[in-house]
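Worksheet for the structure shown next.
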Amino acid sequence: MNRSAPFAAAGKTVSFRPLNLERWLLWSGFAVLLLVAPLIFSHGAALSILSQIGTVMLFGLSYNMLLGQGGMLSFGHAVYSGLGGFVAIHVMNQAAAGIAVPTTLIPLVGGVAGMGFGVLFGYVTTRKSGTTFAMITLGLVELVFAASLMFPGFFGGEGGVTTNRVMGTPFFGLSYGPQIEVYYLIAGWLFIGTVAMYAFTHTPLGRMLNAVRDNPERVAFIGYDAQWVRYLALIVSAFFAGLSGALGAINFEIVSAENVSALRSGSILLFVFIGGIGYFFGPLLGAVVGTGFVVMLSAYTAAWQLYLGLFFIALVRFAPAGLASLLMVLVRVARCGRFSRIAAVLAAVSGAVLVALAGLVLAVELLYRRTQDSGSPLATILGLPLDAHAITPWLVALGLLSGGVLAYRLICPVYLRRWDTVNGEIAALNKGKQP
C-alpha cells in the first residue's frame, strides 16, 4: 500500500500521507516515561541513578551514530564527551566572574565544544576506515588522557575540575539545586537529542552514512566522497557526545581525567553492544542495563565486573545482535498472533535459566567470601547471612545450578522446535501477503 497517494484537483497535484500512529505512540510513550520515572523512583539516590542513565543514553546514542549507522568502530569517543564536559564546567565557573550562562543552556556549550573538537580530530581520524580508524581513535584517547594529566590548568590534574551548578541567577526560577530539577533538565535534553538523532537517520547524510557502512566503493563510484561523509557524521556525533558530557558535569559537578579515558570509551562501546547496534533504541536499553551493573549491582557485590563479563559473553553467544534484537523478535511474533504458542515454554526456559543463575550467584558470592582476608566467613545474600565455610550453602548452590542446567537442557529442545514452527508459519504468512 502506498503511503503517499497523489491525485489531481483543479489542475494541481495534492499528496496525502497518512499519520504514522505507531511512531507517534512510541514517542509519546517515551516522553511520558521520562516524565513519570521520578514519580515512581522518588528517592534521592534513585533520582541520581536516573540522571546518570539519561546522560549515558545520550552518550550511547551519539556513539551508535558512528558504529551502528556508519560502521565506524571508535575506541576514543569519550574524547568528545569529556572535552565537552571540561569546556562546559569552565563556562559554569565563569559565573563568579560575571560571565553567566544559564545552566539550562550549558549543555549547548558542551555540544558546541564537542563539535569543535570533532572538526579538529575528525579530519585526521576519518581519513582512514576500518581497523585503522579504530587504532587511530585509540591513540587519540590515550593522547588526550595523557594531556589531561600534563596540563592541570585546564584539566585540573588528577582531582579534576569542580563547580557549583547553583551559581548565578536562576533561570525561570530553576536553580538546579534539587536533584529533581537536574533530572528534568537531563530528561528534556535527552528527549530533544533523541528526536534530533532519529531525524538525522532519515536525512540524506544519514542515508549516505548507511551506504558508506555497507559499500563505500559503490558510494565513491556514484560520486560521493566516503571520507567526507564519515567526517560530517563524526562532527554531528561529537556534538551530541559533548551534550552528554555537559549534562554529566551538571549532574556530578565535577569533570576529571576519567571522562576522557579509554576506560570510559570502552564502557560505552560495551553498553551499546549490549543494547544492540543494529537498532536505534538499542543504546537506550544498553544504558539502563550497563548503568544497573556499574552503579546498582556494584553497591551489593564486589564481583559485579564478573557478572557483567558473564552476561556479555552469554549475550554474544545467544543474542549477538543485542537485547533489542530479542525484544523485536518477540514483538514480531506477537504481531502475528503467535506469542501464545511459545509463551508457556518460553516461561519454562526462563525459569530454568533463573534457577541456574541463582545457583551461580550463590556459588560466586560464597567463593568470594572465602577468599577474603576480612576474617568473617559470612556472606550476606538477599539479607541472609550465609557461612562460606559451611557445607549446606554450597550444596544449595550446587543443587540450584545443576537443577537449572538440567531443566534447561530438557526444555530447550522443545522450545526450539516450537520456535522453528512458529517462525515457519510467520514466514509463510508474510510470503502469502507479498504480491
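As shown in the C-alpha cells, the chain order sets the letters A, B, ...; within each chain, residues go from 1, and ligands are also counted from 1 in the order they appear.
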
Exercise. So which residues touch Leu73 in chain A within 10 Å, counting only C-alpha atoms, skipping near sequence neighbours fewer than 3 positions away, as an MDAnalysis selection string?
Worked result: chainID A and resid 63:64 66:68 70 76:77 129:135 137 269

Problem set entry | Non-local contacts of range 410-413 of chain A (9 Å; only C-alpha atoms; under 2 positions in same chain excluded) as JSON, numbers by chain | {"A": [345, 346, 348, 349, 352, 405, 406, 407, 408, 415, 416, 417, 418]}

Exercise. Taking into account only C-alpha atoms, which residue in the set A:Phe30, A:Leu232, A:Arg338, A:Gly44 is nearest to Thr421 in chain A?
Worked result: A:Arg338

Problem set entry | Within 12 Å of Val219 in chain A using only C-alpha atoms, minus same-chain residues under 2 positions, as an NGL selection string | :A and (207-217 or 221-230)

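With only C-alpha atoms as the atoms that count, the minimum distance from Ala428 in chain A to the choices A:Ala187, A:Leu386, A:Gln372, A:Cys336 is reached by A:Cys336.
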
Exercise. Near Asp420 in chain A, within 12 Å and counting only C-alpha atoms, which residues show up once chain neighbours fewer than 6 positions away are dropped, as an NGL selection string?
Worked result: :A and (333 or 338 or 341-342 or 413-414 or 426-427)

For this session: Show which residues sit within 9 Å of Ile268 in chain A, as a PyMOL selection string. Count only C-alpha atoms, and ignore same-chain residues fewer than 4 positions away.
Result: chain A and resi 56+59-60+63+77-78+263-264+272-273+283+286-287+290

Problem set entry | Every residue of range 241-371 of chain A that DSSP places in alpha helix (DSSP H), as a count of residues only | 96

Problem set entry | Interatomic distance, CA of Leu330 in chain A to CA of Ile192 in chain A (Å, one decimal) |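 These atoms are spaced 28.6 Å apart.
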
Where does range 205-263 of chain A meet range 142-156 of chain A within 10 Å, residue by residue, with the nearest atom pair and distance in Å to one decimal for each, counting only C-alpha atoms, listed by chain and rising number, as a tab-separated table?
residue	atom	partner	partner_atom	distance
A:Val255	CA	A:Phe155	CA	8.2
A:Ser256	CA	A:Phe155	CA	7.0
A:Ala257	CA	A:Ser148	CA	5.8
A:Glu258	CA	A:Phe145	CA	7.9
A:Asn259	CA	A:Phe145	CA	8.7
A:Val260	CA	A:Phe145	CA	5.7
A:Ser261	CA	A:Phe145	CA	5.5
A:Ala262	CA	A:Glu142	CA	6.7

Those selected residues, please, written with N, CA and C atoms and delivered as a compact mmCIF listing (two decimals), in the first residue's frame.
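part_5.txt written:
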# COMPACT_ATOMS: atom_id res chain seq x y z
N VAL A 255 34.34 17.19 36.62
CA VAL A 255 34.83 16.51 35.42
C VAL A 255 36.31 16.22 35.65
N SER A 256 36.73 14.99 35.45
CA SER A 256 38.11 14.58 35.72
C SER A 256 38.70 13.88 34.52
N ALA A 257 39.95 13.44 34.66
CA ALA A 257 40.64 12.76 33.57
C ALA A 257 39.94 11.47 33.18
N GLU A 258 39.19 10.87 34.09
CA GLU A 258 38.47 9.64 33.77
C GLU A 258 37.46 9.85 32.66
N ASN A 259 36.95 11.08 32.53
CA ASN A 259 35.95 11.37 31.50
C ASN A 259 36.52 11.33 30.09
N VAL A 260 37.84 11.41 29.93
CA VAL A 260 38.46 11.35 28.60
C VAL A 260 39.36 10.12 28.48
N SER A 261 39.06 9.09 29.24
CA SER A 261 39.92 7.92 29.26
C SER A 261 39.41 6.84 28.31
N ALA A 262 40.30 5.92 27.99
CA ALA A 262 39.92 4.77 27.17
C ALA A 262 38.93 3.87 27.90

Exercise. Could you name the residues that touch Val329 in chain A at 12 Å or less, counting only C-alpha atoms, but leaving out those on the same chain fewer than 3 positions away, as number ranges by chain?
Worked result: A: 319, 321-326, 332-336, 338-339, 419, 422-423, 426

Keeping only C-alpha atoms, write the selected residues to a file as a CSV table (one decimal), in the first residue's frame.
chain,number,residue,atom,x,y,z
A,319,ALA,CA,21.9,-12.9,21.0
A,321,ALA,CA,22.6,-8.5,17.9
A,322,GLY,CA,21.9,-7.4,21.4
A,323,LEU,CA,18.9,-7.1,23.7
A,324,ALA,CA,17.0,-5.0,21.1
A,325,SER,CA,17.0,-8.0,18.7
A,326,LEU,CA,15.4,-10.2,21.4
A,332,ARG,CA,7.3,-9.8,15.6
A,333,VAL,CA,5.8,-13.0,17.0
A,334,ALA,CA,3.2,-11.1,19.0
A,335,ARG,CA,2.1,-9.0,16.0
A,336,CYS,CA,1.5,-12.2,14.0
A,338,ARG,CA,1.7,-16.5,17.6
A,339,PHE,CA,3.0,-15.4,21.0
A,419,TRP,CA,10.1,-21.6,17.9
A,422,VAL,CA,6.1,-20.5,14.7
A,423,ASN,CA,8.7,-18.7,12.6
A,426,ILE,CA,5.2,-16.4,10.1

For this session: Identify which of the residues A:Ala363, A:Leu247, A:Ala388, A:Met328 lies closest to Tyr183 in chain A, counting only C-alpha atoms when measuring atom-to-atom distances.
Result: A:Leu247

Please tabulate, as CSV, the residues of range 230-295 of chain A that come within 9 Å of range 93-116 of chain A, each with its closest pair of atoms and the distance in Å to one decimal, counting only C-alpha atoms and ordering rows by chain, then residue number upward.
residue,atom,partner,partner_atom,distance
A:Leu234,CA,A:Met115,CA,8.5
A:Ile235,CA,A:Met115,CA,5.3
A:Val236,CA,A:Met115,CA,6.7
A:Ser237,CA,A:Met115,CA,7.8
A:Ala238,CA,A:Met115,CA,5.0
A:Phe239,CA,A:Met115,CA,4.3
A:Phe240,CA,A:Gly111,CA,5.8
A:Ala241,CA,A:Gly114,CA,6.6
A:Gly242,CA,A:Gly111,CA,4.2
A:Leu243,CA,A:Gly111,CA,4.2
A:Ser244,CA,A:Pro107,CA,7.3
A:Gly245,CA,A:Gly110,CA,6.7
A:Ala246,CA,A:Pro107,CA,5.0
A:Leu247,CA,A:Pro107,CA,5.8
A:Ile250,CA,A:Thr103,CA,8.0

For this session: Check the smallest atom-to-atom distance from each of A:Phe41, A:Trp27, A:Ile254, A:Gln179 to Val87 in chain A using only C-alpha atoms, then report the winner.
Result: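 Looking at the shortest contact to Val87 in chain A, the residue is A:Ile254.
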
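Note that the spacing between CA of Leu366 in chain A and CA of Phe312 in chain A amounts to 22.3 Å.
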
For this session: Rank A:Ser28, A:Phe191, A:Tyr231, A:Ser48 by their smallest atom-to-atom distance to Phe121 in chain A, using only C-alpha atoms, and report the top residue only.
Result: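 Ranked by minimum distance to Phe121 in chain A, first place goes to A:Tyr231.
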
For this session: Would you mind reading off the distance between CA of Ala390 in chain A and CA of Tyr300 in chain A, one decimal, in Å?
Result: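 Separating CA of Ala390 in chain A from CA of Tyr300 in chain A is a distance of 21.9 Å.
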
For this session: Select, from A:Met296, A:Leu327, A:Leu270, A:Leu398, the residue with the minimum atom-to-atom distance to Gly359 in chain A, counting only C-alpha atoms.
Result: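 That would be A:Leu398, the residue with the smallest distance to Gly359 in chain A.
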